[in-house]
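> Contents of final-v6.cif (mmCIF, C-alpha atoms and all ligand atoms) are below:
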```cif
data_coords
loop_
_atom_site.label_atom_id
_atom_site.label_comp_id
_atom_site.auth_asym_id
_atom_site.auth_seq_id
_atom_site.Cartn_x
_atom_site.Cartn_y
_atom_site.Cartn_z
CA MET O 202 -3.43 1.85 -16.04
CA PRO O 203 -2.56 -1.89 -16.46
CA ASN O 204 -5.23 -4.62 -16.22
CA SER O 205 -5.66 -6.24 -12.82
CA HIS O 206 -3.47 -9.27 -12.15
CA PRO O 207 -4.48 -12.90 -11.57
CA LEU O 208 -2.74 -13.01 -8.16
CA GLY O 209 -5.12 -10.32 -6.99
CA THR O 210 -4.46 -7.34 -4.78
CA ALA O 211 -2.20 -7.27 -1.73
CA ILE O 212 -2.86 -4.69 0.99
CA VAL O 213 0.29 -3.80 2.91
CA THR O 214 -0.01 -1.59 6.00
CA GLY O 215 3.01 0.46 6.98
CA ALA O 216 4.21 0.47 3.36
CA SER O 217 5.85 3.90 3.48
CA SER O 218 9.11 2.61 4.99
CA GLY O 219 11.06 -0.32 6.40
CA ILE O 220 9.69 -3.84 6.27
CA GLY O 221 6.37 -2.80 4.70
CA LYS O 222 8.07 -0.94 1.87
CA VAL O 223 10.14 -4.02 1.03
CA TYR O 224 7.04 -6.25 1.21
CA ALA O 225 5.38 -3.90 -1.30
CA GLU O 226 8.32 -4.18 -3.68
CA ARG O 227 8.65 -7.96 -3.40
CA LEU O 228 4.90 -8.49 -3.87
CA ALA O 229 4.87 -6.17 -6.88
CA ALA O 230 7.76 -8.20 -8.32
CA ARG O 231 5.64 -11.35 -7.87
CA GLY O 232 2.81 -9.67 -9.80
CA TYR O 233 0.39 -8.55 -7.09
CA ASP O 234 -1.54 -5.33 -7.51
CA LEU O 235 -1.07 -3.25 -4.38
CA VAL O 236 -2.86 -1.04 -1.91
CA LEU O 237 -0.22 0.75 0.15
CA VAL O 238 -1.35 2.02 3.55
CA ALA O 239 0.35 4.54 5.87
CA ARG O 240 -0.03 8.16 7.04
CA ARG O 241 2.65 9.77 4.82
CA GLY O 242 0.85 10.19 1.51
CA ASP O 243 3.81 11.75 -0.28
CA ARG O 244 5.92 8.68 0.32
CA LEU O 245 3.11 6.29 -0.60
CA ARG O 246 2.47 8.11 -3.88
CA GLU O 247 6.18 7.99 -4.77
CA ILE O 248 6.46 4.29 -3.93
CA ALA O 249 3.23 3.44 -5.78
CA ALA O 250 4.40 5.29 -8.91
CA ASP O 251 7.80 3.59 -8.79
CA LEU O 252 6.37 0.08 -8.33
CA GLY O 253 3.71 0.62 -10.98
CA ALA O 254 6.35 1.74 -13.47
CA ARG O 255 8.89 -0.98 -12.65
CA PHE O 256 6.58 -3.99 -12.39
CA GLY O 257 3.53 -3.03 -14.45
CA VAL O 258 1.11 -3.58 -11.55
CA ARG O 259 -1.63 -1.34 -10.16
CA ALA O 260 -0.32 0.34 -7.01
CA GLU O 261 -2.72 2.56 -5.09
CA PRO O 262 -1.84 4.70 -2.08
CA LEU O 263 -4.36 4.66 0.78
CA VAL O 264 -3.56 7.33 3.34
CA ALA O 265 -4.91 6.23 6.73
CA ASP O 266 -4.01 6.65 10.37
CA LEU O 267 -4.54 3.16 11.75
CA ALA O 268 -4.39 4.39 15.33
CA GLN O 269 -7.78 6.01 14.60
CA PRO O 270 -11.08 4.17 14.07
CA ALA O 271 -11.72 6.03 10.79
CA GLY O 272 -8.39 4.84 9.36
CA VAL O 273 -9.11 1.23 10.33
CA ALA O 274 -12.61 1.47 8.83
CA ALA O 275 -11.22 2.81 5.52
CA VAL O 276 -8.77 -0.10 5.22
CA SER O 277 -11.39 -2.66 6.34
CA ASP O 278 -13.67 -1.40 3.55
CA ARG O 279 -10.87 -1.83 1.04
CA ILE O 280 -10.19 -5.39 2.30
CA ALA O 281 -13.81 -6.25 1.52
CA ASP O 282 -13.10 -5.60 -2.19
CA GLU O 283 -13.26 -8.96 -3.92
CA THR O 284 -9.89 -8.57 -5.69
CA VAL O 285 -8.00 -8.56 -2.37
CA SER O 286 -6.18 -11.87 -1.87
CA LEU O 287 -3.42 -10.95 0.61
CA VAL O 288 -3.28 -8.66 3.64
CA VAL O 289 0.01 -7.87 5.37
CA ASN O 290 -0.63 -6.34 8.80
CA ASN O 291 2.77 -4.73 9.19
CA ALA O 292 2.23 -1.18 10.53
CA GLY O 293 3.49 -0.88 14.09
CA PHE O 294 5.76 1.17 16.29
CA SER O 295 7.70 0.99 19.52
CA ALA O 296 8.94 3.35 22.24
CA LEU O 297 12.19 2.53 23.99
CA LYS O 298 11.16 3.89 27.38
CA ALA O 299 10.04 2.72 30.82
CA LEU O 300 6.27 2.87 31.20
CA THR O 301 6.30 5.88 33.53
CA GLU O 302 8.46 7.81 31.02
CA THR O 303 6.14 7.08 28.09
CA PRO O 304 3.46 9.74 27.43
CA ASP O 305 -0.13 8.50 27.71
CA ASP O 306 -0.94 9.32 24.08
CA VAL O 307 2.04 7.27 22.88
CA VAL O 308 0.95 4.27 25.00
CA ALA O 309 -2.61 4.59 23.73
CA SER O 310 -1.68 4.94 20.05
CA MET O 311 0.81 2.05 20.27
CA ILE O 312 -1.91 -0.25 21.57
CA ALA O 313 -4.40 1.18 19.05
CA LEU O 314 -2.04 0.46 16.13
CA ASN O 315 -0.17 -2.68 17.20
CA VAL O 316 -3.16 -4.42 18.79
CA THR O 317 -6.56 -2.90 17.91
CA ALA O 318 -5.92 -2.11 14.24
CA LEU O 319 -4.17 -5.43 13.64
CA THR O 320 -7.07 -7.26 15.29
CA LEU O 321 -9.82 -5.48 13.37
CA LEU O 322 -8.00 -5.73 10.04
CA SER O 323 -7.40 -9.45 10.70
CA LYS O 324 -11.13 -9.81 11.33
CA ALA O 325 -11.97 -7.97 8.10
CA ALA O 326 -9.50 -10.14 6.17
CA LEU O 327 -10.75 -13.45 7.56
CA ALA O 328 -14.38 -12.48 6.99
CA ALA O 329 -13.63 -11.57 3.36
CA PHE O 330 -11.41 -14.60 2.69
CA GLN O 331 -13.77 -17.09 4.33
CA ALA O 332 -16.64 -15.77 2.23
CA ARG O 333 -14.50 -16.14 -0.91
CA GLY O 334 -12.96 -19.47 0.11
CA SER O 335 -9.34 -18.28 -0.13
CA GLY O 336 -6.88 -15.60 0.85
CA THR O 337 -3.76 -15.04 2.93
CA LEU O 338 -3.28 -12.96 6.07
CA VAL O 339 0.24 -12.14 7.25
CA ASN O 340 0.67 -10.61 10.71
CA ILE O 341 4.00 -9.10 11.72
CA GLY O 342 4.87 -9.84 15.34
CA SER O 343 8.34 -9.66 16.84
CA GLY O 344 10.93 -11.75 18.61
CA ALA O 345 10.41 -9.22 21.42
CA GLY O 346 7.03 -10.81 22.12
CA PHE O 347 8.51 -13.98 23.61
CA ALA O 348 9.51 -12.67 27.03
CA PRO O 349 9.11 -9.60 29.25
CA TYR O 350 11.27 -6.74 28.02
CA PRO O 351 11.71 -3.94 30.61
CA LYS O 352 12.98 -1.40 28.04
CA ILE O 353 9.88 -1.82 25.85
CA PRO O 354 7.13 -2.79 28.32
CA VAL O 355 4.19 -1.86 26.10
CA TYR O 356 5.69 -2.74 22.71
CA GLY O 357 6.85 -6.19 23.86
CA ALA O 358 3.41 -6.89 25.29
CA THR O 359 1.65 -5.79 22.08
CA LYS O 360 3.82 -8.25 20.16
CA ALA O 361 3.06 -11.02 22.68
CA TYR O 362 -0.58 -10.30 21.82
CA VAL O 363 0.17 -10.65 18.09
CA TYR O 364 1.89 -13.99 18.80
CA HIS O 365 -1.07 -15.52 20.63
CA PHE O 366 -3.81 -13.84 18.63
CA THR O 367 -2.43 -14.83 15.23
CA GLN O 368 -1.90 -18.44 16.23
CA SER O 369 -5.49 -18.60 17.52
CA LEU O 370 -6.65 -17.46 14.07
CA GLN O 371 -4.74 -20.35 12.51
CA SER O 372 -7.08 -22.74 14.35
CA GLU O 373 -10.07 -20.80 12.99
CA VAL O 374 -9.02 -21.34 9.36
CA ALA O 375 -7.63 -24.88 9.71
CA GLY O 376 -8.74 -27.16 6.88
CA THR O 377 -9.69 -24.27 4.56
CA ASN O 378 -7.93 -22.43 1.75
CA VAL O 379 -7.50 -19.38 3.98
CA ARG O 380 -3.96 -19.05 5.27
CA VAL O 381 -2.61 -17.12 8.25
CA GLN O 382 1.13 -16.60 8.65
CA LEU O 383 2.78 -15.13 11.72
CA VAL O 384 6.15 -13.46 11.02
CA LEU O 385 8.53 -12.82 13.91
CA PRO O 386 11.45 -10.57 12.92
CA GLY O 387 14.38 -10.13 15.28
CA ALA O 388 16.25 -6.82 15.01
CA VAL O 389 15.93 -5.33 11.52
CA VAL O 390 17.43 -2.13 10.10
CA SER O 391 14.60 0.38 9.69
CA GLU O 392 13.33 3.83 10.59
CA GLY O 393 11.33 2.12 13.32
CA TRP O 394 14.36 2.41 15.61
CA GLU O 395 14.35 6.22 15.18
CA VAL O 396 10.60 6.30 15.85
CA ALA O 397 11.23 4.26 19.02
CA GLY O 398 13.63 6.82 20.41
CA GLY O 399 16.83 6.83 18.37
CA GLY O 400 20.35 5.61 18.94
CA ALA O 401 19.49 2.04 19.93
CA LEU O 402 20.10 0.45 16.52
CA GLU O 403 23.62 1.89 16.27
CA ALA O 404 24.43 0.42 19.69
CA LEU O 405 23.59 -3.13 18.58
CA PRO O 406 26.36 -5.41 17.29
CA ALA O 407 26.14 -5.96 13.52
CA SER O 408 25.93 -9.70 14.21
CA VAL O 409 22.36 -9.40 15.60
CA VAL O 410 20.83 -6.99 13.08
CA MET O 411 19.30 -8.18 9.78
CA THR O 412 18.69 -6.15 6.64
CA THR O 413 15.07 -5.33 5.84
CA GLU O 414 15.40 -7.10 2.48
CA GLU O 415 16.66 -10.38 4.00
CA CYS O 416 13.92 -10.25 6.63
CA VAL O 417 11.16 -9.93 4.04
CA ASP O 418 12.74 -12.45 1.64
CA ALA O 419 12.94 -15.02 4.47
CA ALA O 420 9.35 -14.22 5.50
CA LEU O 421 8.14 -14.79 1.93
CA ALA O 422 10.21 -17.98 1.66
CA GLY O 423 8.45 -19.15 4.84
CA LEU O 424 5.09 -18.27 3.29
CA ASP O 425 5.99 -20.23 0.14
CA LYS O 426 6.95 -23.22 2.31
CA GLY O 427 3.58 -23.08 4.07
CA GLU O 428 5.03 -22.20 7.47
CA PRO O 429 2.45 -21.01 10.01
CA VAL O 430 5.16 -19.23 12.00
CA THR O 431 8.22 -17.74 10.31
CA ALA O 432 11.13 -16.40 12.33
CA PRO O 433 13.55 -15.00 9.73
CA SER O 434 16.58 -14.74 12.00
CA LEU O 435 16.03 -17.78 14.26
CA GLN O 436 18.80 -20.21 13.30
CA ASP O 437 17.75 -23.11 15.56
CA GLU O 438 14.12 -23.90 14.77
CA THR O 439 13.91 -26.49 17.56
CA LEU O 440 13.89 -23.62 20.10
CA LEU O 441 10.56 -22.46 18.66
CA ARG O 442 9.15 -26.00 18.52
CA ASN O 443 10.21 -26.62 22.15
CA HIS O 444 8.65 -23.29 23.21
CA GLU O 445 5.37 -24.27 21.55
CA THR O 446 5.43 -27.71 23.23
CA ASP O 447 6.29 -26.22 26.64
CA THR O 448 3.60 -23.54 26.48
CA GLN O 449 0.98 -26.14 25.46
CA ALA O 450 1.98 -28.29 28.45
CA LEU O 451 1.87 -25.25 30.76
CA LEU O 452 -1.56 -24.25 29.45
CA GLN O 453 -2.98 -27.72 30.18
CA ALA O 454 -1.34 -27.82 33.61
CA MET O 455 -2.74 -24.41 34.63
CA PHE O 456 -6.25 -25.82 34.94
CA ASP O 457 -6.66 -28.02 38.00
CA ALA O 458 -9.36 -28.12 40.65
CA ARG O 459 -6.78 -28.68 43.41
CA PRO O 460 -4.64 -25.91 44.96
CA ALA O 461 -0.96 -26.68 44.28
CA ALA O 462 0.68 -28.69 47.11
CA ARG O 463 3.21 -25.86 47.78
CA TYR O 464 0.38 -23.72 49.23
CA GLY O 465 -0.20 -26.24 52.03
CA LEU O 466 -3.98 -26.40 51.62
CA ARG O 467 -6.05 -29.56 51.90
CA PRO O 468 -7.37 -30.33 48.37
CA GLN O 469 -11.12 -30.96 48.16
CA SER O 470 -10.95 -32.57 44.71
CA GLN O 471 -9.15 -35.73 43.67
CA ALA O 472 -7.80 -35.46 40.12
CA GLY O 473 -6.49 -32.49 38.15
CA GLY O 474 -7.61 -31.63 34.62
CA ALA O 475 -4.30 -32.59 33.06
CA GLU O 476 -4.23 -35.95 34.85
CA ALA O 477 -7.80 -36.55 33.73
CA GLY O 478 -6.66 -36.07 30.12
CA ILE O 479 -8.82 -32.99 29.50
CA ASP O 480 -7.75 -30.72 26.62
CA VAL O 481 -8.66 -27.28 27.99
CA GLN O 482 -8.51 -25.67 24.53
CA THR O 483 -11.50 -27.74 23.42
CA LEU O 484 -13.68 -26.78 26.41
N1 LIG W 1 12.70 -3.08 12.80
C1 LIG W 1 12.74 -4.06 13.66
O1 LIG W 1 13.79 -4.36 14.28
C2 LIG W 1 11.50 -4.88 13.91
C3 LIG W 1 11.64 -6.06 14.62
C4 LIG W 1 10.52 -6.83 14.87
C5 LIG W 1 9.29 -6.43 14.41
N2 LIG W 1 9.18 -5.26 13.72
C6 LIG W 1 7.83 -4.86 13.28
O2 LIG W 1 7.84 -4.65 11.90
C7 LIG W 1 6.80 -3.74 11.55
C8 LIG W 1 7.36 -2.66 10.63
O3 LIG W 1 8.30 -1.91 11.36
P1 LIG W 1 9.59 -1.26 10.70
O4 LIG W 1 10.74 -1.69 11.51
O5 LIG W 1 9.61 -1.51 9.24
O6 LIG W 1 9.33 0.27 11.07
P2 LIG W 1 9.16 1.59 10.18
O7 LIG W 1 10.19 1.66 9.13
O8 LIG W 1 9.04 2.69 11.16
O9 LIG W 1 7.76 1.33 9.49
C9 LIG W 1 6.55 1.47 10.18
C10 LIG W 1 5.45 1.69 9.18
O10 LIG W 1 4.19 1.81 9.89
C11 LIG W 1 3.55 3.00 9.46
N3 LIG W 1 2.76 3.54 10.54
C12 LIG W 1 3.19 3.97 11.76
N4 LIG W 1 2.17 4.46 12.47
C13 LIG W 1 1.06 4.35 11.69
C14 LIG W 1 -0.30 4.70 11.85
N5 LIG W 1 -0.74 5.27 12.98
N6 LIG W 1 -1.16 4.45 10.85
C15 LIG W 1 -0.72 3.88 9.70
N7 LIG W 1 0.55 3.53 9.49
C16 LIG W 1 1.43 3.76 10.47
C17 LIG W 1 4.67 3.94 9.06
O11 LIG W 1 4.21 4.88 8.10
P3 LIG W 1 3.75 6.39 8.40
O12 LIG W 1 4.68 6.95 9.44
O13 LIG W 1 3.86 7.03 7.07
O14 LIG W 1 2.33 6.27 8.87
C18 LIG W 1 5.62 2.98 8.40
O15 LIG W 1 5.24 2.76 7.06
C19 LIG W 1 6.23 -3.21 12.87
O16 LIG W 1 5.04 -3.91 13.19
C20 LIG W 1 7.33 -3.54 13.85
O17 LIG W 1 6.83 -3.69 15.16
C21 LIG W 1 10.25 -4.48 13.45
#
```
Mind turning the file's structure into structure tokens?


Amino acid sequence: MPNSHPLGTAIVTGASSGIGKVYAERLAARGYDLVLVARRGDRLREIAADLGARFGVRAEPLVADLAQPAGVAAVSDRIADETVSLVVNNAGFSALKALTETPDDVVASMIALNVTALTLLSKAALAAFQARGSGTLVNIGSGAGFAPYPKIPVYGATKAYVYHFTQSLQSEVAGTNVRVQLVLPGAVVSEGWEVAGGGALEALPASVVMTTEECVDAALAGLDKGEPVTAPSLQDETLLRNHETDTQALLQAMFDARPAARYGLRPQSQAGGAEAGIDVQTL
């Protein structure tokens, strides 16, 4: 077994395939020791052995079902290990179905994995990194989180959660050596499309689908640049900046003591919060 590496240990969830598997390879190539998390132990053991042999790093499989509290607890415990310097919250899945056609257990486990596990593992990571004074958390959201998506009503909403939640964490660590990066892939070639229901990836034009490798390489380039939000396939960055500016303005404007004029009510207060220059996020 090689000695541990100065970069520390990276924990990658969902490392048995797709984006997580490529993260594991790229981080091993950078010199991180690895803890690889997923349910399929056979795949994790194979990947860990391969990465250990090719890059001379420690690579440890951790078999856990993150849709279950026991799986989340096992990974949270591992995050508390002082060698851990990077956590990639990547495990997630989708179902390409209307809500009424999606079985209850699928809805529940999607929310448990995409929302609850990501939230609790983020909490474990921030607690550990803040105590140590450094560390990096990477949360994988999705371009599908920007707007309502009728074909993926639960998945899109879980990724909207990741978008807001992860950016809130960035405020919590501002001014410290703890970093939080939000990664927003578009459409990426992976087994995830089969898990979601099959057939949909093949139906997409090649011009909108990115390779897993390019997605992860762009995400890591964004991390190296210090980006808080990295959208690997978004060509025009000003769209994201404008969205952030617009949603901030909307948030401020939502809080006003007066009913909006279009409702025809007689306002009992004089000035709205936005006009009074109140920043509602500091209240
Ligand atoms: N592919 C895309 O177009 C795309 C676009 C935007 C965002 N994303 C996001 O990228 C992330 C990775 O997705 P992917 O496309 O790479 O899909 P993928 O190839 O299906 O990988 C999903 C990974 O999550 C693991 N996983 C699933 N359920 C789990 C559970 N209950 N407990 C622990 N691990 C679990 C899977 O391993 P096991 O089955 O072995 O547990 C697998 O390693 C997801 O968060 C996804 O929402 C993907």

> Find the distance between atom CA of O:Ala216 and atom CA of O:Pro429 and write it in Å to one decimal.

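A separation of 22.6 Å between them.
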
> Of the residues O:Gly221, O:Gly209, O:Pro468, O:Gly427, which is the one nearest to ligand LIG 1 (chain W), using all atoms listed in the file?

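Result for the nearest residue to ligand LIG 1 (chain W): O:Gly221.
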
> I need the residue nearest ligand LIG 1 (chain W) from this list: O:Ala271, O:Leu338, O:Leu441, O:Ala454. Use only C-alpha atoms and all ligand atoms for the distance.

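The closest residue to ligand LIG 1 (chain W) is O:Ala271.
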
> What residues have any atom no more than 7 Å from ligand LIG 1 (chain W) when counting only C-alpha atoms and all ligand atoms, and can you list them as a PyMOL selection string?

chain O and resi 214-222+238-241+265-268+291-295+314-315+341-345+385-394+396

> Identify which of the residues O:Gly376, O:Pro207, O:Gly253, O:Pro351 lies closest to O:Gly334, counting all atoms listed in the file when measuring atom-to-atom distances.

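Using all atoms listed in the file, the shortest distance to O:Gly334 belongs to O:Gly376.
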
> From the options O:Ala404, O:Leu383, O:Val355, O:Ala461, which residue's atoms come nearest to O:Asp305, counting all atoms listed in the file?

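Among O:Ala404, O:Leu383, O:Val355, O:Ala461, it is O:Val355 that comes nearest to O:Asp305.
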